[in-house]
Amino acid sequence: ICGGCVIFLGIVVLIAGIVVGGMLTTILDEGLKKVIEDEIYICPGDAAGSKGWDRFAAVNYLEDWDAVDATSKFDSYYLYHITNAANYLKGTEVAKVVEVGPFVIKGWDQSYDMSVDATGVTYRYTSAHVFLDGDQTFTGPGAGGVEETATFESKSPVGIDRNTKIANFNLGYLNVLGSAGTEYALYLTGAGCTASQIMNVASPSASVCTDNELGNGTSTCKCCTLPDQILMADYGGLGKAKEICDGLSDSLDNFIINEAVTGLNGGTAVAPDSADFATHYTTIATQAAAAGISVLQQATNLVIIGLGCAAPYSGSPGSACTSATDLATAHSNIALWSGLPATVPQNILVKGILASKGAAKCECASGLNMTAAGCCLSAGSIPNADTLLPADAFSLEGFFCNSTVVFNKDGDAYPWGTEEQCMDKFGVDDYEFSCKGKGEMTYPFKNAYYYATAAGFAAGAANATVPTERNCADMITESAGITSLVSFLSRIDGGTAVKSTGDTAFDGSTFVATAFGETSFHTPLITEHTANDHLYGYPSALLGAMIPMLVLELPGLPLSQKMGNLTEIGAYTAGFQALCASSCSAPTSTTPGGFNCAGNAPSREVIESVDPAALMFADNDCKPLSWTYSTVAFCSAIENGVTDLLNEYCEDGIAETMYDTGAGAGAWALLSETAQATQKAGMATTISDYIAAQATNTSKTTDAWCQTTVLSGFGAQGIIDQGAAASVSASDSLAGAYYAAIIAQGLATDLTGAATVYAGMTKAPKAALETAVHIAAVATGLGMANPETQTEDAIVQAYAASEGYEYCTCYDGANGVANMPATGCCLAGGGTPTQDFTGFGCLYGAPGHYESGLDRTSSLDLADSMTRHKAIKDTEATSKAQFCPTNPEDIANQVEYYGATSHVAARNGATQPVQGGNAQFFAPKGLTTKAGDSTVTKPGTNVGDTITLWVKQVLRELPLSYQGDGELHGVTLAKYSPDPKLLWSTADGGIETASADVDVGVMADGTAGFNGAQHVGVASGTGLPVFLMQPNFLNSDPDLLDSTVNDLEIYNYVDYTVEDPSTITAPVASGTWDLNACTLVDQTFIDDNLDSLNVDVLVEPALGLAFAGYKRLSLATSPVTDCNPLVDATCALSINRDGANGACYGPVADAFWDGTVIEFAPGGATTLSGKQLLGAAMAAGGKTYAPSYACSQANVLTPNFKGGNLMPVYWADQATAASEKSMNDFKVLGDVVGLSALISIIGIAVGVVFIILGGVCIAMGGKSGKVTAAA
């Protein structure tokens, strides 16, 4: 019995051990899989309170902020700072770029407005954060909702904080530049040209717009002419001067010879056209040879003798010729006849002789001698061969002097292209021209640049002051209005100074100062801002000016519409004013450039307690407000200009009255303008004293008295009967208006009574009555409503408007300087006859890399931050993700993003469906180990060879590939990273060649893509030339780290593996970075730091949960294209003859000019290439012909900066990882697996022992099975 029982017991124990161990592992396997359904799934019917719902909607503020098992979630930003921006933009150095950071942000997210249906969970999300650039103490709900206060220590390296200056490309300006195409086109637009007028610049057939056509936006003309075209045309014209004048000189020499021959013919009674002509010419030639002089000289002598010895000269006292060869006496006679000294040179006598026939040889302006290149003519006249009368001659005076003005047959000067311009006959080779547009054109007058106005010389103007053709370079050079404004705004916005006094200007002159008097010229291409401004956005003066001008296109719209369009920008500007106004100082000299705002807006802590709505401006640099402040100067200039205009009228009227008093009525009107100016200058003191006395008598300022006087004068000129009870004759209309006003005021009932009242008025009330009547008359003339109730100030504005001046109006309706804030405002209206001020003073919110504008609501009160952010997110569309999938593989798959199931994600219009997971949850694999193992997951296990993620930055799904086992705090996890060539578009890339899925950039040569860089301008909704890639060009084209190709070097000082960045010291002092203390980022650096730069997701396959995620992505920009003139017509505008304004695409420029045919003479009798003409012009100036184009879209301010490169802007490490304690707790699951094996082993072992014992008992004789004691 004993042995059988023991054996039986052993078998039972053995079986139990096996069963219990197996049951434990099965339960564990099912439990692991069940975790996802209990904790993650949100299915129809679930509601708030379910685990999945609460997990999705919950936010852990400060419940476990100091717990050792708290999951860490930080965003670390590294900003790229260009240390040598000026030289980099000048093209003299590669960019030296330092990777500044990390700037660490602690964030919290929460989903809300959740609803569930079969397609997924619809939601919005909100967030809060704290910037840890210093020790930060903040508040938020803790455990049980009780408010707690937490302190996080700084995580910024020593030496940097939110106020650290970072210089990089201005993305907002790049957006504006991209819309215009190039700076050339952008600034011509700002100078008043339309897009069609700009495109016509390159057209050889388009004529230059007149001022009227330019202002009216005429689409068929070109707004200006390129400087090289002007030089080429002018040089061609000068060459023609030599040709024409040589021919004219020969003709006039022959004329003198012919005159001598004719005289000899006459002396022998031989007809001029007889055969004896040759005989007499031979006689003159023989005489010349005998005397050792030229035939021309002998003929000249004979002509002078013939004229000087002829009657009446021979009969003059003491002037009789004694012989036919008495040259000296004849010379003297002609001189006396002409009123000249007897000793005057012979050539002067000849000039007079020719002039009497309407002829004159060419002379150069400024006393220059005619050169092979020709010259600007101050004299020259072609006689009329039929009449030989001076009045019929064709003058060459003023020819070849400029490129714009042509005179017609009547001698009137008109710009080329106007209806009045015409010419009947050129006189040389009978080239005929006629009036444009009148149907009489026998040959189009395309050679207008040959000829200039004779009016310039008639007025005594040298060729330097003769009007020149509208030169494109003059319109946009550094001292021009638009570019000066851009420099002014760029300086305010932290732009880079690229020129200073003494440097060569864009138009080839020497730069002295901008139109605002600034001796340094700034570009907005690279701007320097604080790290705070880069991360959160900032008010931009440049964008505030350009967006109204170029995007909203406000100039020309009705004022009410402009005010409406500017409401958002204006309110933004006013909000910033309220915070920064106290930091601004007004200059003693009220000029726009003199206003200066400095310092920073209040911090988040201060703003939160005063006006949380202004958090978007926290810590922003106040300098951009200088632009808003400067509108006080602009608007004052308008009103001062109007005052000056009125004072000028006032002084003119007094001068006329005073002059007529002494010289007789109407005498002033008979004077010329010059004479009037002289007389007025002589009376200046008397006029000033008179105005001062009158102002004192009326208790007004001199300006106010003049204003009233002028308006009264205008009123008297345009007076009308103001509703008199009885008609008044025209001669009494002024008095009638006074009487009508008296009747209207109830002071009389009829004209007779009104006349009596008027006659009895004392000086003051009579003056008031007359002024009121005159003012009402002016108001009537200006078409103002209710003229009798208009104020003088309102009428002055209306009058100013009639003269092209518009008083300033703020976006909120405040009108005039007196009503503007002392800090200026965003202008919806205002301007002079030549400048529209719409948009001046406006500031625009440039976006930040982390948060922007209204999204920037976080403060040190986390709950309030969430609430404020919700108010913003409530206005946005919802998103949707699947959390109750039929197929577990679809868990957390994005279904909709911002209300759409697909988005356009590339410049080619390709759409991407919304799909991909969230990098947190995956289909669980359950237990993959066997009993006795120490983990729940077998090494090498994954949740799939590929996982997909929805990446909102590029609006598309991106795959991550399984890379093998990873490790976190001793736990083996499945590691996923992107394919190294995921964002490549070439054949060896992760996506097939030419796929619409990859939208890469363009390298400098325009042929290859930025492999490894995904264009996200469309996805971001900005259109900016920005690219998403991996940090420091990881997994990108090797060329991007080659400074000889990409023109940059990146330097690093951060050890990414250091857990506490505050222990790092940044090598910077007073804003200067020590690059020698940094490491050059090259491929070796990338390889050594791969684990710190790559995107990694560490997934626990059993649970299907990501225990750690490192989303490391970089934003880069291709700031400007290389601007191929063969592709972009606006790039072709930058052609220049010597490489001074960019030295790229030289062969293209040379080929262009070589293929450009210029008609060197009207009618095409002679043609030369542009290359020949420019080459000759450059050689004549001692320079070398080296044609080229600017090197990028930035083809005005920085024409030598090379485009087509890629510059990193920032990279962010968005890291979330479970704590070490949490991972140790997770190891318990592995211990359970080990325990199940132990239980099984113990059960099997005990069972075996019992079986062995039973066998022993039987062997010892216990056949009955009963165990007995041994003997």
# chains A, B, ... in the order shown; residues from 1 in each chain; ligands from 1

call {"tool": "residues_around", "arguments": {"residues": "segment 636-649 of chain A", "least_positions_apart": "2", "cutoff": "7 Å", "atoms": "only C-alpha atoms", "output": "list in words"}}
result
Val632, Ala633, Phe634, Glu651, Asp652, Gly653, Asp703, Cys706, Gln707, Val710, Ala800, Tyr805, Tyr807, Val817, Gly831 and Thr832 of chain A

call {"tool": "write_last_selection", "arguments": {"atoms": "C-alpha atoms", "output": "PDB file, in the first residue's frame"}}
result
ATOM      1  CA  VAL A 632       4.416 110.493 -36.139  1.00  0.00           C
ATOM      2  CA  ALA A 633       7.247 111.880 -38.282  1.00  0.00           C
ATOM      3  CA  PHE A 634       5.748 110.727 -41.583  1.00  0.00           C
ATOM      4  CA  GLU A 651       3.257 134.884 -49.294  1.00  0.00           C
ATOM      5  CA  ASP A 652       2.671 134.933 -53.056  1.00  0.00           C
ATOM      6  CA  GLY A 653      -0.609 136.774 -52.561  1.00  0.00           C
ATOM      7  CA  ASP A 703       0.551 129.561 -39.929  1.00  0.00           C
ATOM      8  CA  CYS A 706      -2.009 132.353 -43.501  1.00  0.00           C
ATOM      9  CA  GLN A 707      -4.237 129.288 -43.639  1.00  0.00           C
ATOM     10  CA  VAL A 710      -5.502 131.528 -48.269  1.00  0.00           C
ATOM     11  CA  ALA A 800      -4.759 119.055 -49.282  1.00  0.00           C
ATOM     12  CA  TYR A 805      -1.812 115.166 -49.912  1.00  0.00           C
ATOM     13  CA  TYR A 807      -3.782 113.335 -43.915  1.00  0.00           C
ATOM     14  CA  VAL A 817      -1.436 113.885 -36.055  1.00  0.00           C
ATOM     15  CA  GLY A 831       0.438 110.157 -48.188  1.00  0.00           C
ATOM     16  CA  THR A 832       2.047 112.809 -50.331  1.00  0.00           C
TER      17      THR A 832
END

call {"tool": "residues_around", "arguments": {"residues": "segment 1202-1205 of chain A", "least_positions_apart": "2", "cutoff": "10 Å", "atoms": "only C-alpha atoms", "output": "number ranges by chain"}}
result
A: 88-91, 1001-1006, 1010, 1040, 1045-1048, 1117-1124, 1142-1144, 1190-1195, 1198-1200, 1207

call {"tool": "select_by_dssp", "arguments": {"residues": "segment 1006-1071 of chain A", "states": "helix (DSSP H, G or I)", "output": "list of chain:residue names"}}
result
A:Pro1031, A:Asn1032, A:Phe1033, A:Pro1038, A:Asp1039, A:Leu1040, A:Leu1041, A:Ser1043, A:Thr1044, A:Val1045, A:Asn1046, A:Pro1061, A:Ser1062, A:Thr1063

call {"tool": "write_last_selection", "arguments": {"atoms": "C-alpha atoms", "output": "PDB file, in the first residue's frame"}}
result
ATOM      1  CA  PRO A1031      19.408  67.061 -37.444  1.00  0.00           C
ATOM      2  CA  ASN A1032      22.737  68.255 -38.789  1.00  0.00           C
ATOM      3  CA  PHE A1033      22.006  66.763 -42.228  1.00  0.00           C
ATOM      4  CA  PRO A1038      26.891  64.287 -48.186  1.00  0.00           C
ATOM      5  CA  ASP A1039      27.296  67.493 -50.188  1.00  0.00           C
ATOM      6  CA  LEU A1040      25.261  69.362 -47.603  1.00  0.00           C
ATOM      7  CA  LEU A1041      28.124  69.034 -45.119  1.00  0.00           C
ATOM      8  CA  SER A1043      31.404  73.750 -47.362  1.00  0.00           C
ATOM      9  CA  THR A1044      32.706  73.934 -50.924  1.00  0.00           C
ATOM     10  CA  VAL A1045      29.248  72.924 -52.151  1.00  0.00           C
ATOM     11  CA  ASN A1046      26.756  74.123 -49.550  1.00  0.00           C
ATOM     12  CA  PRO A1061      22.338  70.509 -19.961  1.00  0.00           C
ATOM     13  CA  SER A1062      22.779  73.216 -17.306  1.00  0.00           C
ATOM     14  CA  THR A1063      26.171  71.683 -16.549  1.00  0.00           C
TER      15      THR A1063
END

call {"tool": "atom_distance", "arguments": {"atom1": "atom CA of Val104 of chain A", "atom2": "atom CA of Leu171 of chain A"}}
result
22.8 Å

call {"tool": "atom_distance", "arguments": {"atom1": "atom CA of Glu967 of chain A", "atom2": "atom CA of Leu1105 of chain A"}}
result
14.1 Å

call {"tool": "atom_distance", "arguments": {"atom1": "atom CA of Asp250 of chain A", "atom2": "atom CA of Ala291 of chain A"}}
result
22.4 Å

call {"tool": "residues_around", "arguments": {"residues": "Cys842 of chain A", "least_positions_apart": "5", "cutoff": "10 Å", "atoms": "only C-alpha atoms", "output": "list of chain:residue names"}}
result
A:Pro539, A:Ser540, A:Ala541, A:Leu542, A:Leu543, A:Gly544, A:Ala545, A:Met546, A:Ile547, A:Pro548, A:Leu566, A:Ile569, A:Gly570, A:Ala571, A:Tyr572, A:Thr573, A:Ala574, A:Pro624, A:Leu625, A:Trp627, A:Thr628, A:Thr631, A:Cys810, A:Tyr811, A:Gly824, A:Cys825, A:Cys826, A:Leu827, A:Ala828

call {"tool": "write_last_selection", "arguments": {"atoms": "N, CA and C atoms", "output": "PDB file, in the first residue's frame"}}
result
ATOM      1  N   PRO A 539       6.862  90.599 -33.358  1.00  0.00           N
ATOM      2  CA  PRO A 539       6.324  91.611 -34.264  1.00  0.00           C
ATOM      3  C   PRO A 539       7.400  92.051 -35.262  1.00  0.00           C
ATOM      4  N   SER A 540       7.047  92.056 -36.531  1.00  0.00           N
ATOM      5  CA  SER A 540       8.003  92.431 -37.574  1.00  0.00           C
ATOM      6  C   SER A 540       7.561  93.721 -38.244  1.00  0.00           C
ATOM      7  N   ALA A 541       8.472  94.704 -38.267  1.00  0.00           N
ATOM      8  CA  ALA A 541       8.188  95.965 -38.947  1.00  0.00           C
ATOM      9  C   ALA A 541       8.204  95.774 -40.458  1.00  0.00           C
ATOM     10  N   LEU A 542       9.169  95.020 -40.958  1.00  0.00           N
ATOM     11  CA  LEU A 542       9.294  94.820 -42.406  1.00  0.00           C
ATOM     12  C   LEU A 542       8.056  94.137 -42.972  1.00  0.00           C
ATOM     13  N   LEU A 543       7.638  93.046 -42.343  1.00  0.00           N
ATOM     14  CA  LEU A 543       6.454  92.341 -42.834  1.00  0.00           C
ATOM     15  C   LEU A 543       5.208  93.188 -42.635  1.00  0.00           C
ATOM     16  N   GLY A 544       5.189  93.965 -41.560  1.00  0.00           N
ATOM     17  CA  GLY A 544       4.050  94.848 -41.332  1.00  0.00           C
ATOM     18  C   GLY A 544       3.890  95.875 -42.428  1.00  0.00           C
ATOM     19  N   ALA A 545       5.006  96.281 -43.041  1.00  0.00           N
ATOM     20  CA  ALA A 545       4.941  97.240 -44.146  1.00  0.00           C
ATOM     21  C   ALA A 545       4.665  96.550 -45.471  1.00  0.00           C
ATOM     22  N   MET A 546       5.271  95.375 -45.673  1.00  0.00           N
ATOM     23  CA  MET A 546       5.186  94.733 -46.986  1.00  0.00           C
ATOM     24  C   MET A 546       3.867  94.003 -47.207  1.00  0.00           C
ATOM     25  N   ILE A 547       3.326  93.416 -46.162  1.00  0.00           N
ATOM     26  CA  ILE A 547       2.088  92.657 -46.357  1.00  0.00           C
ATOM     27  C   ILE A 547       0.944  93.563 -46.797  1.00  0.00           C
ATOM     28  N   PRO A 548       0.735  94.735 -46.178  1.00  0.00           N
ATOM     29  CA  PRO A 548      -0.297  95.628 -46.729  1.00  0.00           C
ATOM     30  C   PRO A 548       0.009  96.063 -48.153  1.00  0.00           C
ATOM     31  N   LEU A 566      -7.169  96.027 -42.460  1.00  0.00           N
ATOM     32  CA  LEU A 566      -6.059  96.166 -41.523  1.00  0.00           C
ATOM     33  C   LEU A 566      -6.466  95.952 -40.069  1.00  0.00           C
ATOM     34  N   ILE A 569      -4.154  93.301 -38.237  1.00  0.00           N
ATOM     35  CA  ILE A 569      -2.788  93.782 -38.084  1.00  0.00           C
ATOM     36  C   ILE A 569      -2.752  95.010 -37.184  1.00  0.00           C
ATOM     37  N   GLY A 570      -3.736  95.890 -37.343  1.00  0.00           N
ATOM     38  CA  GLY A 570      -3.774  97.094 -36.526  1.00  0.00           C
ATOM     39  C   GLY A 570      -3.958  96.791 -35.060  1.00  0.00           C
ATOM     40  N   ALA A 571      -4.854  95.855 -34.743  1.00  0.00           N
ATOM     41  CA  ALA A 571      -5.067  95.481 -33.345  1.00  0.00           C
ATOM     42  C   ALA A 571      -3.815  94.831 -32.761  1.00  0.00           C
ATOM     43  N   TYR A 572      -3.159  94.020 -33.559  1.00  0.00           N
ATOM     44  CA  TYR A 572      -1.898  93.392 -33.121  1.00  0.00           C
ATOM     45  C   TYR A 572      -0.866  94.473 -32.803  1.00  0.00           C
ATOM     46  N   THR A 573      -0.761  95.474 -33.679  1.00  0.00           N
ATOM     47  CA  THR A 573       0.185  96.566 -33.472  1.00  0.00           C
ATOM     48  C   THR A 573      -0.140  97.332 -32.200  1.00  0.00           C
ATOM     49  N   ALA A 574      -1.422  97.642 -32.010  1.00  0.00           N
ATOM     50  CA  ALA A 574      -1.833  98.393 -30.823  1.00  0.00           C
ATOM     51  C   ALA A 574      -1.551  97.610 -29.549  1.00  0.00           C
ATOM     52  N   PRO A 624      10.945  96.749 -32.932  1.00  0.00           N
ATOM     53  CA  PRO A 624      10.061  96.962 -34.081  1.00  0.00           C
ATOM     54  C   PRO A 624       9.054  98.085 -33.896  1.00  0.00           C
ATOM     55  N   LEU A 625       8.740  98.427 -32.642  1.00  0.00           N
ATOM     56  CA  LEU A 625       7.782  99.510 -32.423  1.00  0.00           C
ATOM     57  C   LEU A 625       8.337 100.851 -32.909  1.00  0.00           C
ATOM     58  N   TRP A 627       9.152 101.507 -35.759  1.00  0.00           N
ATOM     59  CA  TRP A 627       8.467 101.713 -37.041  1.00  0.00           C
ATOM     60  C   TRP A 627       7.111 102.373 -36.813  1.00  0.00           C
ATOM     61  N   THR A 628       6.380 101.878 -35.823  1.00  0.00           N
ATOM     62  CA  THR A 628       5.078 102.474 -35.521  1.00  0.00           C
ATOM     63  C   THR A 628       5.255 103.900 -35.027  1.00  0.00           C
ATOM     64  N   THR A 631       5.685 106.817 -37.568  1.00  0.00           N
ATOM     65  CA  THR A 631       4.572 107.391 -38.340  1.00  0.00           C
ATOM     66  C   THR A 631       4.248 108.797 -37.860  1.00  0.00           C
ATOM     67  N   CYS A 810      -5.484 106.402 -38.834  1.00  0.00           N
ATOM     68  CA  CYS A 810      -5.106 105.135 -38.210  1.00  0.00           C
ATOM     69  C   CYS A 810      -6.114 104.054 -38.563  1.00  0.00           C
ATOM     70  N   TYR A 811      -5.710 102.801 -38.363  1.00  0.00           N
ATOM     71  CA  TYR A 811      -6.590 101.682 -38.695  1.00  0.00           C
ATOM     72  C   TYR A 811      -7.902 101.752 -37.929  1.00  0.00           C
ATOM     73  N   GLY A 824       2.349 106.768 -32.390  1.00  0.00           N
ATOM     74  CA  GLY A 824       2.042 106.452 -33.769  1.00  0.00           C
ATOM     75  C   GLY A 824       0.990 105.367 -33.861  1.00  0.00           C
ATOM     76  N   CYS A 825       0.760 104.868 -35.057  1.00  0.00           N
ATOM     77  CA  CYS A 825      -0.258 103.833 -35.233  1.00  0.00           C
ATOM     78  C   CYS A 825      -0.037 103.119 -36.556  1.00  0.00           C
ATOM     79  N   CYS A 826      -0.800 102.077 -36.766  1.00  0.00           N
ATOM     80  CA  CYS A 826      -0.843 101.360 -38.043  1.00  0.00           C
ATOM     81  C   CYS A 826      -1.742 102.171 -38.973  1.00  0.00           C
ATOM     82  N   LEU A 827      -1.178 102.688 -40.051  1.00  0.00           N
ATOM     83  CA  LEU A 827      -1.887 103.634 -40.911  1.00  0.00           C
ATOM     84  C   LEU A 827      -2.719 102.935 -41.982  1.00  0.00           C
ATOM     85  N   ALA A 828      -3.981 103.336 -42.055  1.00  0.00           N
ATOM     86  CA  ALA A 828      -4.844 102.872 -43.140  1.00  0.00           C
ATOM     87  C   ALA A 828      -4.879 103.879 -44.270  1.00  0.00           C
TER      88      ALA A 828
END

call {"tool": "closest_residue", "arguments": {"among": "A:Asn333, A:Ala1132, A:Met232, A:Asn258", "to": "Leu296 of chain A", "atoms": "only C-alpha atoms"}}
result
A:Asn258

call {"tool": "closest_residue", "arguments": {"among": "A:Ile691, A:Ile947, A:Val1026, A:Leu1113", "to": "Phe169 of chain A", "atoms": "only C-alpha atoms"}}
result
A:Val1026
